[in-house]
There are 2 protein chains.
Amino acid sequence: MTIDRVAIIGGTGDEGFGLALRWAKAGIEVTIGSRDAARGEEAARKLSVMVGASAHGATNQEAAAAHDVFVVTVPFAGQATIYKSIADHVREDAIVIDGTVPVTSAVGGRATTVLGVWQGSAAQQASSLLPKSVTTMGAFHTLAAKAVHELETPLEGDVLVCGSKKGKPVVRELVEAIESLRFVDAGALDQARIVEPLTALLIGINRRYKTDRAGVHITGLPG
Amino acid sequence: MTIDRVAIIGGTGDEGFGLALRWAKAGIEVTIGSRDAARGEEAARKLSVMVGASAHGATNQEAAAAHDVFVVTVPFAGQATIYKSIADHVREDAIVIDGTVPVTSAVGGRATTVLGVWQGSAAQQASSLLPKSVTTMGAFHTLAAKAVHELETPLEGDVLVCGSKKGKPVVRELVEAIESLRFVDAGALDQARIVEPLTALLIGINRRYKTDRAGVHITGLPG
């Protein structure tokens, strides 16, 4: 399979817009979903100017309904609401890639600590809010948004991908469409319990090291 | 401060013995603590032969009582028992570095998942079982034991160190005594909630990638 189109729900946010830029640059047709269609379209226009490729804006529901593969990058405070709002619009066989991190700032606390999520992780919560036929994956948690935006700079670090075997080749393709980024198979969806909190750890490391681009690389892998 | 001696409680195990080898090689006087003094002494003799440096064996209580700085690398199933057994012997100002990981295999489950620990992490449980005057740190969770044993091979990956500012320079010195290993300040002790589970993630990654040396490196740090 070759992915030629992808939607990013929450694509007006920092991380989502950065990924949209990277994928558009790689020649993938990008749709930016937003609660407000006008904001999605505005982000799509901005992206077109920056990358020189056309992009589309849409409501989250429209974006979900129109894609076999979409990525969700939203703050945890709004995650459940957004999944509930798209659940009836998602395609039966869709592959949904969640990048949400349950940082405590969602409820007014710190960004360096995480909330306990009833299902175990934000990705599992996402899965619980979508039809059973949908494949939910967890990925793109640990990329520094600032670095993702710098299109001329190859990205450091790996993408730790959690979820079923069915979804992994699709996520791998999206990862590898971005120059120098490596796909790492992090296991089943429940391993998102371990992967998601890494973002909180990296936020703390960024503060202590006065940077904004800490990421994670797995050493010792063959190849 | 310069650390010229360190004890390793659980130093007869894979990870602990590997660290003992590395530190002995770096010229640090090593004591291997065990529940059974004879086993500690046997490991110390083996180490002496392998590294050509003298080492000592002791009971865990003796090792704790005789050191300002010691490392605890024990299976989670025995962690609380061991801390309770040394609590009355630990020096008032001791710096104790815990490397325990609460993998579910401690209670007959998987090594790729972790148990919830009441205090939040194994390191925090350790802290709760020691006198308040003691400084408890968390470190050395994500080093592949196999690689640690290969003394001629520089280690890849970082040591993510959690705990108070008081303990960090000490742990940094122990980390940097091992060739090519990097100290990363991972924040306060409660960040061990995020760091410890990484071992379970790495065990799963090792299985999927048919290796035994996956580790973690933080990208994007200055210097």
# chains A, B, ... in the order shown; residues from 1 in each chain; ligands from 1

$ interface_residues --of "chain B" --to "chain A" --cutoff "8 Å" --atoms "only C-alpha atoms" --output "list in words"
Thr113, Glu156, Gly157, Asp185, Ala186, Gly187, Gln191, Ile194, Pro197, Leu198, Leu201, Gly204, Ile205, Asn206, Arg208, Tyr209, Thr211, Arg213, Ala214, Gly215, Val216, His217, Ile218, Thr219, Gly220, Leu221 and Pro222 of chain B

$ write_last_selection --atoms "C-alpha atoms" --output "compact mmCIF listing (two decimals), in the first residue's frame"
# COMPACT_ATOMS: atom_id res chain seq x y z
CA THR B 113 4.19 -4.83 31.39
CA GLU B 156 25.43 2.93 23.95
CA GLY B 157 22.50 4.80 25.42
CA ASP B 185 18.97 14.52 34.40
CA ALA B 186 15.47 13.04 34.28
CA GLY B 187 14.09 15.17 37.12
CA GLN B 191 9.77 10.76 37.29
CA ILE B 194 8.01 7.19 33.64
CA PRO B 197 8.52 1.22 32.70
CA LEU B 198 10.95 1.91 29.83
CA LEU B 201 9.15 -1.42 26.71
CA GLY B 204 9.37 -6.05 24.20
CA ILE B 205 11.46 -4.22 21.60
CA ASN B 206 14.33 -6.67 22.16
CA ARG B 208 10.51 -8.05 18.31
CA TYR B 209 13.91 -7.03 16.93
CA THR B 211 18.31 -8.56 20.02
CA ARG B 213 20.72 -4.69 23.69
CA ALA B 214 18.04 -2.10 23.10
CA GLY B 215 18.63 1.02 25.13
CA VAL B 216 17.44 4.62 25.29
CA HIS B 217 19.22 7.74 24.07
CA ILE B 218 17.79 11.23 24.43
CA THR B 219 18.31 13.20 21.24
CA GLY B 220 18.49 16.97 20.85
CA LEU B 221 20.37 17.84 24.05
CA PRO B 222 22.99 20.59 23.86

$ calpha_fit_and_write --fixed "chain B" --moving "chain A" --output "mmCIF file with C-alpha atoms, in the first residue's frame"
data_model
loop_
_atom_site.group_PDB
_atom_site.id
_atom_site.type_symbol
_atom_site.label_atom_id
_atom_site.label_comp_id
_atom_site.auth_asym_id
_atom_site.auth_seq_id
_atom_site.Cartn_x
_atom_site.Cartn_y
_atom_site.Cartn_z
ATOM 1 C CA MET A 1 33.666 14.671 45.515
ATOM 2 C CA THR A 2 35.296 11.633 44.027
ATOM 3 C CA ILE A 3 33.750 8.240 44.522
ATOM 4 C CA ASP A 4 36.419 5.682 45.229
ATOM 5 C CA ARG A 5 34.193 2.953 46.640
ATOM 6 C CA VAL A 6 30.691 1.721 45.977
ATOM 7 C CA ALA A 7 28.594 -1.253 47.026
ATOM 8 C CA ILE A 8 26.150 -3.070 44.795
ATOM 9 C CA ILE A 9 23.315 -4.765 46.612
ATOM 10 C CA GLY A 10 22.040 -7.442 44.295
ATOM 11 C CA GLY A 11 25.502 -7.438 42.779
ATOM 12 C CA THR A 12 25.356 -11.156 42.065
ATOM 13 C CA GLY A 13 22.555 -10.585 39.539
ATOM 14 C CA ASP A 14 23.082 -9.871 35.871
ATOM 15 C CA GLU A 15 22.727 -6.090 35.823
ATOM 16 C CA GLY A 16 24.413 -5.547 39.186
ATOM 17 C CA PHE A 17 27.391 -7.746 38.393
ATOM 18 C CA GLY A 18 27.815 -6.010 35.040
ATOM 19 C CA LEU A 19 27.895 -2.597 36.716
ATOM 20 C CA ALA A 20 30.316 -3.938 39.330
ATOM 21 C CA LEU A 21 32.645 -5.094 36.531
ATOM 22 C CA ARG A 22 32.509 -1.695 34.846
ATOM 23 C CA TRP A 23 33.176 0.243 38.042
ATOM 24 C CA ALA A 24 35.968 -2.077 39.150
ATOM 25 C CA LYS A 25 37.543 -1.635 35.719
ATOM 26 C CA ALA A 26 37.325 2.136 36.244
ATOM 27 C CA GLY A 27 39.350 1.801 39.450
ATOM 28 C CA ILE A 28 36.480 2.083 41.928
ATOM 29 C CA GLU A 29 36.645 -0.278 44.909
ATOM 30 C CA VAL A 30 33.597 -2.512 44.628
ATOM 31 C CA THR A 31 31.725 -4.478 47.278
ATOM 32 C CA ILE A 32 29.164 -7.009 46.140
ATOM 33 C CA GLY A 33 26.316 -7.435 48.569
ATOM 34 C CA SER A 34 24.162 -10.541 48.662
ATOM 35 C CA ARG A 35 21.675 -12.077 51.057
ATOM 36 C CA ASP A 36 24.304 -14.784 51.444
ATOM 37 C CA ALA A 37 27.828 -13.506 52.223
ATOM 38 C CA ALA A 38 29.417 -16.553 50.556
ATOM 39 C CA ARG A 39 27.663 -15.788 47.273
ATOM 40 C CA GLY A 40 28.807 -12.171 47.474
ATOM 41 C CA GLU A 41 32.383 -13.326 48.040
ATOM 42 C CA GLU A 42 32.203 -15.788 45.177
ATOM 43 C CA ALA A 43 31.008 -13.020 42.824
ATOM 44 C CA ALA A 44 33.771 -10.734 44.117
ATOM 45 C CA ARG A 45 36.398 -13.415 43.365
ATOM 46 C CA LYS A 46 34.980 -13.912 39.881
ATOM 47 C CA LEU A 47 35.058 -10.150 39.317
ATOM 48 C CA SER A 48 38.676 -9.938 40.518
ATOM 49 C CA VAL A 49 39.722 -12.555 37.992
ATOM 50 C CA MET A 50 37.803 -10.888 35.152
ATOM 51 C CA VAL A 51 38.957 -7.323 35.779
ATOM 52 C CA GLY A 52 42.220 -7.839 37.631
ATOM 53 C CA ALA A 53 41.114 -5.609 40.495
ATOM 54 C CA SER A 54 40.317 -6.688 44.024
ATOM 55 C CA ALA A 55 36.664 -6.653 45.127
ATOM 56 C CA HIS A 56 34.840 -7.560 48.305
ATOM 57 C CA GLY A 57 31.833 -9.699 49.109
ATOM 58 C CA ALA A 58 29.497 -8.982 51.989
ATOM 59 C CA THR A 59 25.967 -9.433 53.224
ATOM 60 C CA ASN A 60 23.566 -6.738 52.073
ATOM 61 C CA GLN A 61 23.462 -5.346 55.605
ATOM 62 C CA GLU A 62 27.254 -5.188 55.909
ATOM 63 C CA ALA A 63 27.552 -3.610 52.462
ATOM 64 C CA ALA A 64 24.953 -0.941 53.291
ATOM 65 C CA ALA A 65 26.478 -0.185 56.693
ATOM 66 C CA ALA A 66 29.952 0.296 55.239
ATOM 67 C CA HIS A 67 29.158 2.662 52.345
ATOM 68 C CA ASP A 68 28.103 6.263 51.802
ATOM 69 C CA VAL A 69 26.984 5.368 48.301
ATOM 70 C CA PHE A 70 25.418 2.119 47.158
ATOM 71 C CA VAL A 71 23.381 0.838 44.261
ATOM 72 C CA VAL A 72 20.496 -1.613 44.563
ATOM 73 C CA THR A 73 19.790 -3.847 41.552
ATOM 74 C CA VAL A 74 17.369 -6.525 42.648
ATOM 75 C CA PRO A 75 14.271 -8.126 41.131
ATOM 76 C CA PHE A 76 11.101 -6.293 42.110
ATOM 77 C CA ALA A 77 9.758 -9.444 43.796
ATOM 78 C CA GLY A 78 12.432 -9.078 46.478
ATOM 79 C CA GLN A 79 12.857 -5.309 46.542
ATOM 80 C CA ALA A 80 10.735 -4.403 49.569
ATOM 81 C CA THR A 81 12.115 -7.298 51.631
ATOM 82 C CA ILE A 82 15.694 -6.275 50.893
ATOM 83 C CA TYR A 83 15.100 -2.610 51.730
ATOM 84 C CA LYS A 84 13.407 -3.600 54.982
ATOM 85 C CA SER A 85 16.368 -5.836 55.816
ATOM 86 C CA ILE A 86 18.923 -3.039 55.321
ATOM 87 C CA ALA A 87 16.923 -0.055 56.617
ATOM 88 C CA ASP A 88 18.406 -0.246 60.121
ATOM 89 C CA HIS A 89 21.957 -0.527 58.749
ATOM 90 C CA VAL A 90 21.995 2.337 56.244
ATOM 91 C CA ARG A 91 24.177 5.348 57.051
ATOM 92 C CA GLU A 92 22.298 8.512 57.970
ATOM 93 C CA ASP A 93 23.531 10.493 54.950
ATOM 94 C CA ALA A 94 23.735 7.616 52.515
ATOM 95 C CA ILE A 95 22.980 8.033 48.835
ATOM 96 C CA VAL A 96 21.085 4.976 47.640
ATOM 97 C CA ILE A 97 20.640 4.435 43.924
ATOM 98 C CA ASP A 98 17.774 2.145 43.033
ATOM 99 C CA GLY A 99 17.599 0.442 39.654
ATOM 100 C CA THR A 100 14.571 -1.756 40.297
ATOM 101 C CA VAL A 101 11.876 -2.120 37.652
ATOM 102 C CA PRO A 102 8.390 -3.261 38.719
ATOM 103 C CA VAL A 103 7.873 -5.663 35.804
ATOM 104 C CA THR A 104 4.853 -7.893 36.144
ATOM 105 C CA SER A 105 7.028 -11.007 36.009
ATOM 106 C CA ALA A 106 7.630 -10.310 39.709
ATOM 107 C CA VAL A 107 4.210 -11.847 40.306
ATOM 108 C CA GLY A 108 4.281 -14.443 37.551
ATOM 109 C CA GLY A 109 3.143 -12.143 34.739
ATOM 110 C CA ARG A 110 4.879 -10.606 31.757
ATOM 111 C CA ALA A 111 8.178 -8.764 31.655
ATOM 112 C CA THR A 112 6.786 -6.361 29.064
ATOM 113 C CA THR A 113 4.201 -4.836 31.387
ATOM 114 C CA VAL A 114 4.571 -3.153 34.768
ATOM 115 C CA LEU A 115 2.801 -3.273 38.081
ATOM 116 C CA GLY A 116 1.305 -0.213 39.705
ATOM 117 C CA VAL A 117 3.333 0.577 42.794
ATOM 118 C CA TRP A 118 1.494 2.277 45.626
ATOM 119 C CA GLN A 119 4.158 4.988 46.027
ATOM 120 C CA GLY A 120 4.215 5.551 42.264
ATOM 121 C CA SER A 121 7.424 3.739 41.357
ATOM 122 C CA ALA A 122 9.882 1.203 42.715
ATOM 123 C CA ALA A 123 12.321 4.011 43.536
ATOM 124 C CA GLN A 124 9.678 5.797 45.572
ATOM 125 C CA GLN A 125 8.827 2.551 47.339
ATOM 126 C CA ALA A 126 12.531 2.197 48.164
ATOM 127 C CA SER A 127 12.571 5.732 49.539
ATOM 128 C CA SER A 128 9.527 5.013 51.681
ATOM 129 C CA LEU A 129 11.314 2.065 53.304
ATOM 130 C CA LEU A 130 14.493 3.974 54.212
ATOM 131 C CA PRO A 131 15.048 6.618 56.904
ATOM 132 C CA LYS A 132 14.091 10.142 55.818
ATOM 133 C CA SER A 133 17.699 11.330 56.092
ATOM 134 C CA VAL A 134 18.766 9.023 53.251
ATOM 135 C CA THR A 135 18.811 10.305 49.652
ATOM 136 C CA THR A 136 17.184 7.815 47.273
ATOM 137 C CA MET A 137 17.846 8.106 43.558
ATOM 138 C CA GLY A 138 16.574 6.093 40.551
ATOM 139 C CA ALA A 139 19.012 5.157 37.763
ATOM 140 C CA PHE A 140 20.507 2.392 35.615
ATOM 141 C CA HIS A 141 17.141 0.955 34.524
ATOM 142 C CA THR A 142 17.611 0.940 30.776
ATOM 143 C CA LEU A 143 21.108 -0.442 30.268
ATOM 144 C CA ALA A 144 21.137 -3.787 28.487
ATOM 145 C CA ALA A 145 22.753 -6.201 30.974
ATOM 146 C CA LYS A 146 24.382 -8.166 28.152
ATOM 147 C CA ALA A 147 26.104 -5.076 26.821
ATOM 148 C CA VAL A 148 27.175 -3.969 30.301
ATOM 149 C CA HIS A 149 29.070 -7.274 30.661
ATOM 150 C CA GLU A 150 31.075 -6.784 27.479
ATOM 151 C CA LEU A 151 33.863 -4.789 29.010
ATOM 152 C CA GLU A 152 35.666 -4.124 25.753
ATOM 153 C CA THR A 153 32.590 -2.583 24.095
ATOM 154 C CA PRO A 154 31.665 1.042 24.857
ATOM 155 C CA LEU A 155 28.069 1.256 26.067
ATOM 156 C CA GLU A 156 25.424 2.925 23.947
ATOM 157 C CA GLY A 157 22.501 4.788 25.437
ATOM 158 C CA ASP A 158 21.962 7.149 28.326
ATOM 159 C CA VAL A 159 21.332 6.699 32.032
ATOM 160 C CA LEU A 160 18.142 8.562 32.949
ATOM 161 C CA VAL A 161 18.607 9.709 36.532
ATOM 162 C CA CYS A 162 15.725 10.663 38.850
ATOM 163 C CA GLY A 163 15.975 12.133 42.318
ATOM 164 C CA SER A 164 17.069 15.128 44.332
ATOM 165 C CA LYS A 165 19.716 17.647 43.309
ATOM 166 C CA LYS A 166 21.854 16.477 46.218
ATOM 167 C CA GLY A 167 22.252 13.002 44.762
ATOM 168 C CA LYS A 168 22.720 13.896 41.094
ATOM 169 C CA PRO A 169 26.461 14.765 41.142
ATOM 170 C CA VAL A 170 27.156 11.423 42.821
ATOM 171 C CA VAL A 171 25.170 9.440 40.269
ATOM 172 C CA ARG A 172 26.712 11.474 37.462
ATOM 173 C CA GLU A 173 30.160 10.471 38.666
ATOM 174 C CA LEU A 174 29.233 6.793 38.704
ATOM 175 C CA VAL A 175 27.705 7.079 35.231
ATOM 176 C CA GLU A 176 30.682 8.903 33.784
ATOM 177 C CA ALA A 177 33.119 6.430 35.316
ATOM 178 C CA ILE A 178 31.805 4.019 32.681
ATOM 179 C CA GLU A 179 33.245 4.673 29.242
ATOM 180 C CA SER A 180 30.935 6.415 26.777
ATOM 181 C CA LEU A 181 27.913 6.406 29.083
ATOM 182 C CA ARG A 182 25.987 9.662 29.404
ATOM 183 C CA PHE A 183 24.164 11.025 32.455
ATOM 184 C CA VAL A 184 20.759 12.577 31.682
ATOM 185 C CA ASP A 185 18.962 14.519 34.403
ATOM 186 C CA ALA A 186 15.458 13.041 34.294
ATOM 187 C CA GLY A 187 14.072 15.182 37.111
ATOM 188 C CA ALA A 188 12.727 14.419 40.557
ATOM 189 C CA LEU A 189 12.338 10.930 42.027
ATOM 190 C CA ASP A 190 8.693 10.710 40.954
ATOM 191 C CA GLN A 191 9.772 10.759 37.304
ATOM 192 C CA ALA A 192 10.869 7.172 37.976
ATOM 193 C CA ARG A 193 7.182 6.436 37.270
ATOM 194 C CA ILE A 194 8.024 7.186 33.638
ATOM 195 C CA VAL A 195 11.598 5.911 33.504
ATOM 196 C CA GLU A 196 11.167 2.483 35.155
ATOM 197 C CA PRO A 197 8.519 1.225 32.686
ATOM 198 C CA LEU A 198 10.958 1.904 29.829
ATOM 199 C CA THR A 199 12.679 -1.349 30.737
ATOM 200 C CA ALA A 200 9.460 -3.260 30.036
ATOM 201 C CA LEU A 201 9.161 -1.419 26.711
ATOM 202 C CA LEU A 202 12.773 -2.304 25.841
ATOM 203 C CA ILE A 203 12.228 -5.973 26.730
ATOM 204 C CA GLY A 204 9.384 -6.054 24.199
ATOM 205 C CA ILE A 205 11.466 -4.219 21.604
ATOM 206 C CA ASN A 206 14.334 -6.680 22.166
ATOM 207 C CA ARG A 207 11.988 -9.585 21.463
ATOM 208 C CA ARG A 208 10.525 -8.051 18.311
ATOM 209 C CA TYR A 209 13.924 -7.036 16.952
ATOM 210 C CA LYS A 210 15.612 -10.285 18.035
ATOM 211 C CA THR A 211 18.311 -8.573 20.029
ATOM 212 C CA ASP A 212 19.253 -8.174 23.678
ATOM 213 C CA ARG A 213 20.717 -4.726 23.712
ATOM 214 C CA ALA A 214 18.038 -2.118 23.102
ATOM 215 C CA GLY A 215 18.624 1.021 25.156
ATOM 216 C CA VAL A 216 17.436 4.615 25.292
ATOM 217 C CA HIS A 217 19.219 7.730 24.081
ATOM 218 C CA ILE A 218 17.783 11.225 24.455
ATOM 219 C CA THR A 219 18.308 13.198 21.249
ATOM 220 C CA GLY A 220 18.472 16.962 20.860
ATOM 221 C CA LEU A 221 20.360 17.841 24.055
ATOM 222 C CA PRO A 222 22.974 20.599 23.860
ATOM 223 C CA GLY A 223 26.688 19.821 24.218
#

$ select_by_dssp --residues "stretch 50-170 of chain B" --states "alpha helix (DSSP H)" --output "NGL selection string"
:B and (50-51 or 60-65 or 76-86 or 122-128 or 145-149 or 168-170)

$ select_by_dssp --residues "stretch 75-121 of chain A" --states "strand (DSSP E or B)" --output "number ranges by chain"
A: 95-98, 103, 114

$ write_last_selection --atoms "C-alpha atoms" --output "PDB file, in the first residue's frame"
ATOM      1  CA  ILE A  95      -6.723   3.391  10.610  1.00  0.00           C
ATOM      2  CA  VAL A  96      -6.628   6.111  13.248  1.00  0.00           C
ATOM      3  CA  ILE A  97      -3.284   7.190  14.646  1.00  0.00           C
ATOM      4  CA  ASP A  98      -3.498   8.903  18.003  1.00  0.00           C
ATOM      5  CA  VAL A 103      -0.249  15.463  30.559  1.00  0.00           C
ATOM      6  CA  VAL A 114       0.658  12.505  33.509  1.00  0.00           C
TER       7      VAL A 114
END
